[in-house]
>>> print(open('run-v2.cif').read())   # mmCIF, C-alpha atoms
data_data
loop_
_atom_site.group_PDB
_atom_site.id
_atom_site.type_symbol
_atom_site.label_atom_id
_atom_site.label_comp_id
_atom_site.auth_asym_id
_atom_site.auth_seq_id
_atom_site.Cartn_x
_atom_site.Cartn_y
_atom_site.Cartn_z
ATOM 1 C CA MET A 1 -15.159 11.024 5.351
ATOM 2 C CA THR A 2 -16.404 13.040 2.426
ATOM 3 C CA ALA A 3 -19.673 14.856 1.947
ATOM 4 C CA THR A 4 -20.493 12.673 -1.053
ATOM 5 C CA ARG A 5 -19.791 9.418 0.803
ATOM 6 C CA PRO A 6 -20.599 10.070 4.470
ATOM 7 C CA HIS A 7 -20.122 6.496 5.738
ATOM 8 C CA GLU A 8 -16.699 4.909 6.072
ATOM 9 C CA THR A 9 -15.027 1.822 7.491
ATOM 10 C CA VAL A 10 -11.355 0.901 7.495
ATOM 11 C CA LEU A 11 -10.351 -2.753 7.519
ATOM 12 C CA SER A 12 -6.790 -2.955 8.839
ATOM 13 C CA VAL A 13 -4.812 -6.186 8.933
ATOM 14 C CA THR A 14 -1.254 -6.549 10.205
ATOM 15 C CA TYR A 15 0.809 -9.440 8.827
ATOM 16 C CA PRO A 16 3.892 -11.157 10.254
ATOM 17 C CA SER A 17 6.087 -9.641 7.531
ATOM 18 C CA GLU A 18 6.172 -6.781 5.062
ATOM 19 C CA ARG A 19 6.532 -9.345 2.288
ATOM 20 C CA ARG A 20 3.219 -10.987 3.201
ATOM 21 C CA ALA A 21 1.516 -7.582 3.422
ATOM 22 C CA ARG A 22 2.914 -6.627 0.018
ATOM 23 C CA VAL A 23 1.612 -9.846 -1.558
ATOM 24 C CA VAL A 24 -1.857 -9.271 -0.083
ATOM 25 C CA ALA A 25 -1.950 -5.599 -1.094
ATOM 26 C CA ASP A 26 -0.740 -6.445 -4.605
ATOM 27 C CA ALA A 27 -3.447 -9.095 -4.930
ATOM 28 C CA LEU A 28 -6.115 -6.587 -3.839
ATOM 29 C CA GLY A 29 -4.853 -3.730 -6.004
ATOM 30 C CA PRO A 30 -6.466 -4.776 -9.308
ATOM 31 C CA GLU A 31 -9.880 -4.905 -7.625
ATOM 32 C CA VAL A 32 -9.801 -1.216 -6.655
ATOM 33 C CA GLY A 33 -12.188 0.594 -8.949
ATOM 34 C CA GLU A 34 -13.416 -2.651 -10.494
ATOM 35 C CA ILE A 35 -16.018 -3.550 -7.882
ATOM 36 C CA ASP A 36 -17.039 -0.002 -6.974
ATOM 37 C CA ASP A 37 -20.629 0.850 -7.689
ATOM 38 C CA ALA A 38 -22.746 3.979 -7.739
ATOM 39 C CA ARG A 39 -23.048 3.943 -3.930
ATOM 40 C CA SER A 40 -19.640 2.840 -2.665
ATOM 41 C CA THR A 41 -15.930 2.930 -3.363
ATOM 42 C CA ALA A 42 -12.761 1.535 -1.790
ATOM 43 C CA THR A 43 -9.030 2.129 -1.626
ATOM 44 C CA VAL A 44 -6.186 -0.170 -0.581
ATOM 45 C CA ASP A 45 -2.880 0.940 0.903
ATOM 46 C CA ARG A 46 0.008 -0.690 2.693
ATOM 47 C CA ASP A 47 2.221 0.711 5.428
ATOM 48 C CA GLY A 48 4.966 -1.724 6.293
ATOM 49 C CA SER A 49 3.335 -4.949 7.420
ATOM 50 C CA ALA A 50 -0.189 -3.452 7.619
ATOM 51 C CA VAL A 51 -2.748 -3.440 4.806
ATOM 52 C CA ARG A 52 -5.692 -1.064 5.005
ATOM 53 C CA VAL A 53 -8.867 -1.194 2.957
ATOM 54 C CA ARG A 54 -10.974 1.966 3.275
ATOM 55 C CA VAL A 55 -14.594 1.519 2.169
ATOM 56 C CA ARG A 56 -16.731 4.635 1.696
ATOM 57 C CA ALA A 57 -20.438 4.576 0.951
ATOM 58 C CA ASP A 58 -23.501 6.739 0.495
ATOM 59 C CA ASP A 59 -25.581 4.714 2.953
ATOM 60 C CA LEU A 60 -25.208 1.978 5.539
ATOM 61 C CA VAL A 61 -26.580 -0.796 3.314
ATOM 62 C CA ALA A 62 -23.979 -0.008 0.649
ATOM 63 C CA LEU A 63 -21.286 0.217 3.331
ATOM 64 C CA ARG A 64 -22.181 -3.213 4.695
ATOM 65 C CA ALA A 65 -22.152 -4.707 1.191
ATOM 66 C CA GLY A 66 -18.790 -3.119 0.447
ATOM 67 C CA VAL A 67 -17.268 -4.305 3.715
ATOM 68 C CA ASN A 68 -18.551 -7.837 3.088
ATOM 69 C CA SER A 69 -17.109 -7.864 -0.441
ATOM 70 C CA TRP A 70 -13.730 -6.509 0.624
ATOM 71 C CA SER A 71 -13.530 -8.842 3.627
ATOM 72 C CA ARG A 72 -13.959 -11.795 1.276
ATOM 73 C CA LEU A 73 -11.356 -10.376 -1.108
ATOM 74 C CA VAL A 74 -8.882 -9.947 1.760
ATOM 75 C CA ALA A 75 -9.449 -13.591 2.752
ATOM 76 C CA VAL A 76 -8.737 -14.716 -0.819
ATOM 77 C CA ALA A 77 -5.650 -12.491 -1.019
ATOM 78 C CA GLU A 78 -4.401 -13.985 2.253
ATOM 79 C CA ARG A 79 -4.700 -17.461 0.742
ATOM 80 C CA VAL A 80 -2.669 -16.212 -2.241
ATOM 81 C CA GLY A 81 -0.115 -14.853 0.231
ATOM 82 C CA THR A 82 0.088 -18.194 2.006
ATOM 83 C CA SER A 83 0.684 -19.934 -1.334
ATOM 84 C CA ALA A 84 3.407 -17.416 -2.202
ATOM 85 C CA ASP A 85 5.159 -18.121 1.101
ATOM 86 C CA ARG A 86 5.395 -21.814 0.193
ATOM 87 C CA THR A 87 7.190 -21.172 -3.099
#
>>> encode(input="run-v2.cif", output="structure tokens")
Amino acid sequence: MTATRPHETVLSVTYPSERRARVVADALGPEVGEIDDARSTATVDRDGSAVRVRVRADDLVALRAGVNSWSRLVAVAERVGTSADRT
């Protein structure tokens, strides 16, 4: 945690394959920096078959909003990943 953003949550999801994790992380990547606001920010990284979204915020309300937004984005990215597996 940083002094400027004292609240933090990490959403970590492990997928059955590195390929699926890569597709999800790649789908999330363009959103990093785009949906940040004055009170929260997020990063996305992948380690093998795990994708981690780290949300940092100035206060708990902003943290909750950021976690909700990123949780929805992960769900959408997972649907993209499922579609990619079918092709």
>>> closest_residue(input="run-v2.cif", among="A:Arg20, A:Arg39, A:Arg46, A:Arg72", to="A:Thr4", atoms="only C-alpha atoms")
A:Arg39
>>> resolve_selection(input="run-v2.cif", expression="the PyMOL selection byres ((chain A and resi 71) around 12)", output="PyMOL selection string")
chain A and resi 9-13+28+42+52-55+63-70+72-78
>>> write_last_selection(input="run-v2.cif", atoms="C-alpha atoms", output="PDB file, in the frame of the given file")
ATOM      1  CA  THR A   9     -15.027   1.822   7.491  1.00  0.00           C
ATOM      2  CA  VAL A  10     -11.355   0.901   7.495  1.00  0.00           C
ATOM      3  CA  LEU A  11     -10.351  -2.753   7.519  1.00  0.00           C
ATOM      4  CA  SER A  12      -6.790  -2.955   8.839  1.00  0.00           C
ATOM      5  CA  VAL A  13      -4.812  -6.186   8.933  1.00  0.00           C
ATOM      6  CA  LEU A  28      -6.115  -6.587  -3.839  1.00  0.00           C
ATOM      7  CA  ALA A  42     -12.761   1.535  -1.790  1.00  0.00           C
ATOM      8  CA  ARG A  52      -5.692  -1.064   5.005  1.00  0.00           C
ATOM      9  CA  VAL A  53      -8.867  -1.194   2.957  1.00  0.00           C
ATOM     10  CA  ARG A  54     -10.974   1.966   3.275  1.00  0.00           C
ATOM     11  CA  VAL A  55     -14.594   1.519   2.169  1.00  0.00           C
ATOM     12  CA  LEU A  63     -21.286   0.217   3.331  1.00  0.00           C
ATOM     13  CA  ARG A  64     -22.181  -3.213   4.695  1.00  0.00           C
ATOM     14  CA  ALA A  65     -22.152  -4.707   1.191  1.00  0.00           C
ATOM     15  CA  GLY A  66     -18.790  -3.119   0.447  1.00  0.00           C
ATOM     16  CA  VAL A  67     -17.268  -4.305   3.715  1.00  0.00           C
ATOM     17  CA  ASN A  68     -18.551  -7.837   3.088  1.00  0.00           C
ATOM     18  CA  SER A  69     -17.109  -7.864  -0.441  1.00  0.00           C
ATOM     19  CA  TRP A  70     -13.730  -6.509   0.624  1.00  0.00           C
ATOM     20  CA  ARG A  72     -13.959 -11.795   1.276  1.00  0.00           C
ATOM     21  CA  LEU A  73     -11.356 -10.376  -1.108  1.00  0.00           C
ATOM     22  CA  VAL A  74      -8.882  -9.947   1.760  1.00  0.00           C
ATOM     23  CA  ALA A  75      -9.449 -13.591   2.752  1.00  0.00           C
ATOM     24  CA  VAL A  76      -8.737 -14.716  -0.819  1.00  0.00           C
ATOM     25  CA  ALA A  77      -5.650 -12.491  -1.019  1.00  0.00           C
ATOM     26  CA  GLU A  78      -4.401 -13.985   2.253  1.00  0.00           C
TER      27      GLU A  78
END
>>> closest_residue(input="run-v2.cif", among="A:Asp36, A:Arg22, A:Glu31, A:His7", to="A:Val51", atoms="only C-alpha atoms")
A:Arg22
>>> axis_aligned_box(input="run-v2.cif", around="stretch 69-79 of chain A", padding_each_side="4 Å", output="JSON")
{"center_x": -10.8, "center_y": -12.0, "center_z": 1.3, "size_x": 20.7, "size_y": 19.0, "size_z": 12.7}
>>> atom_distance(input="run-v2.cif", atom1="atom CA of A:Tyr15", atom2="atom CA of A:Thr82")
11.1 Å
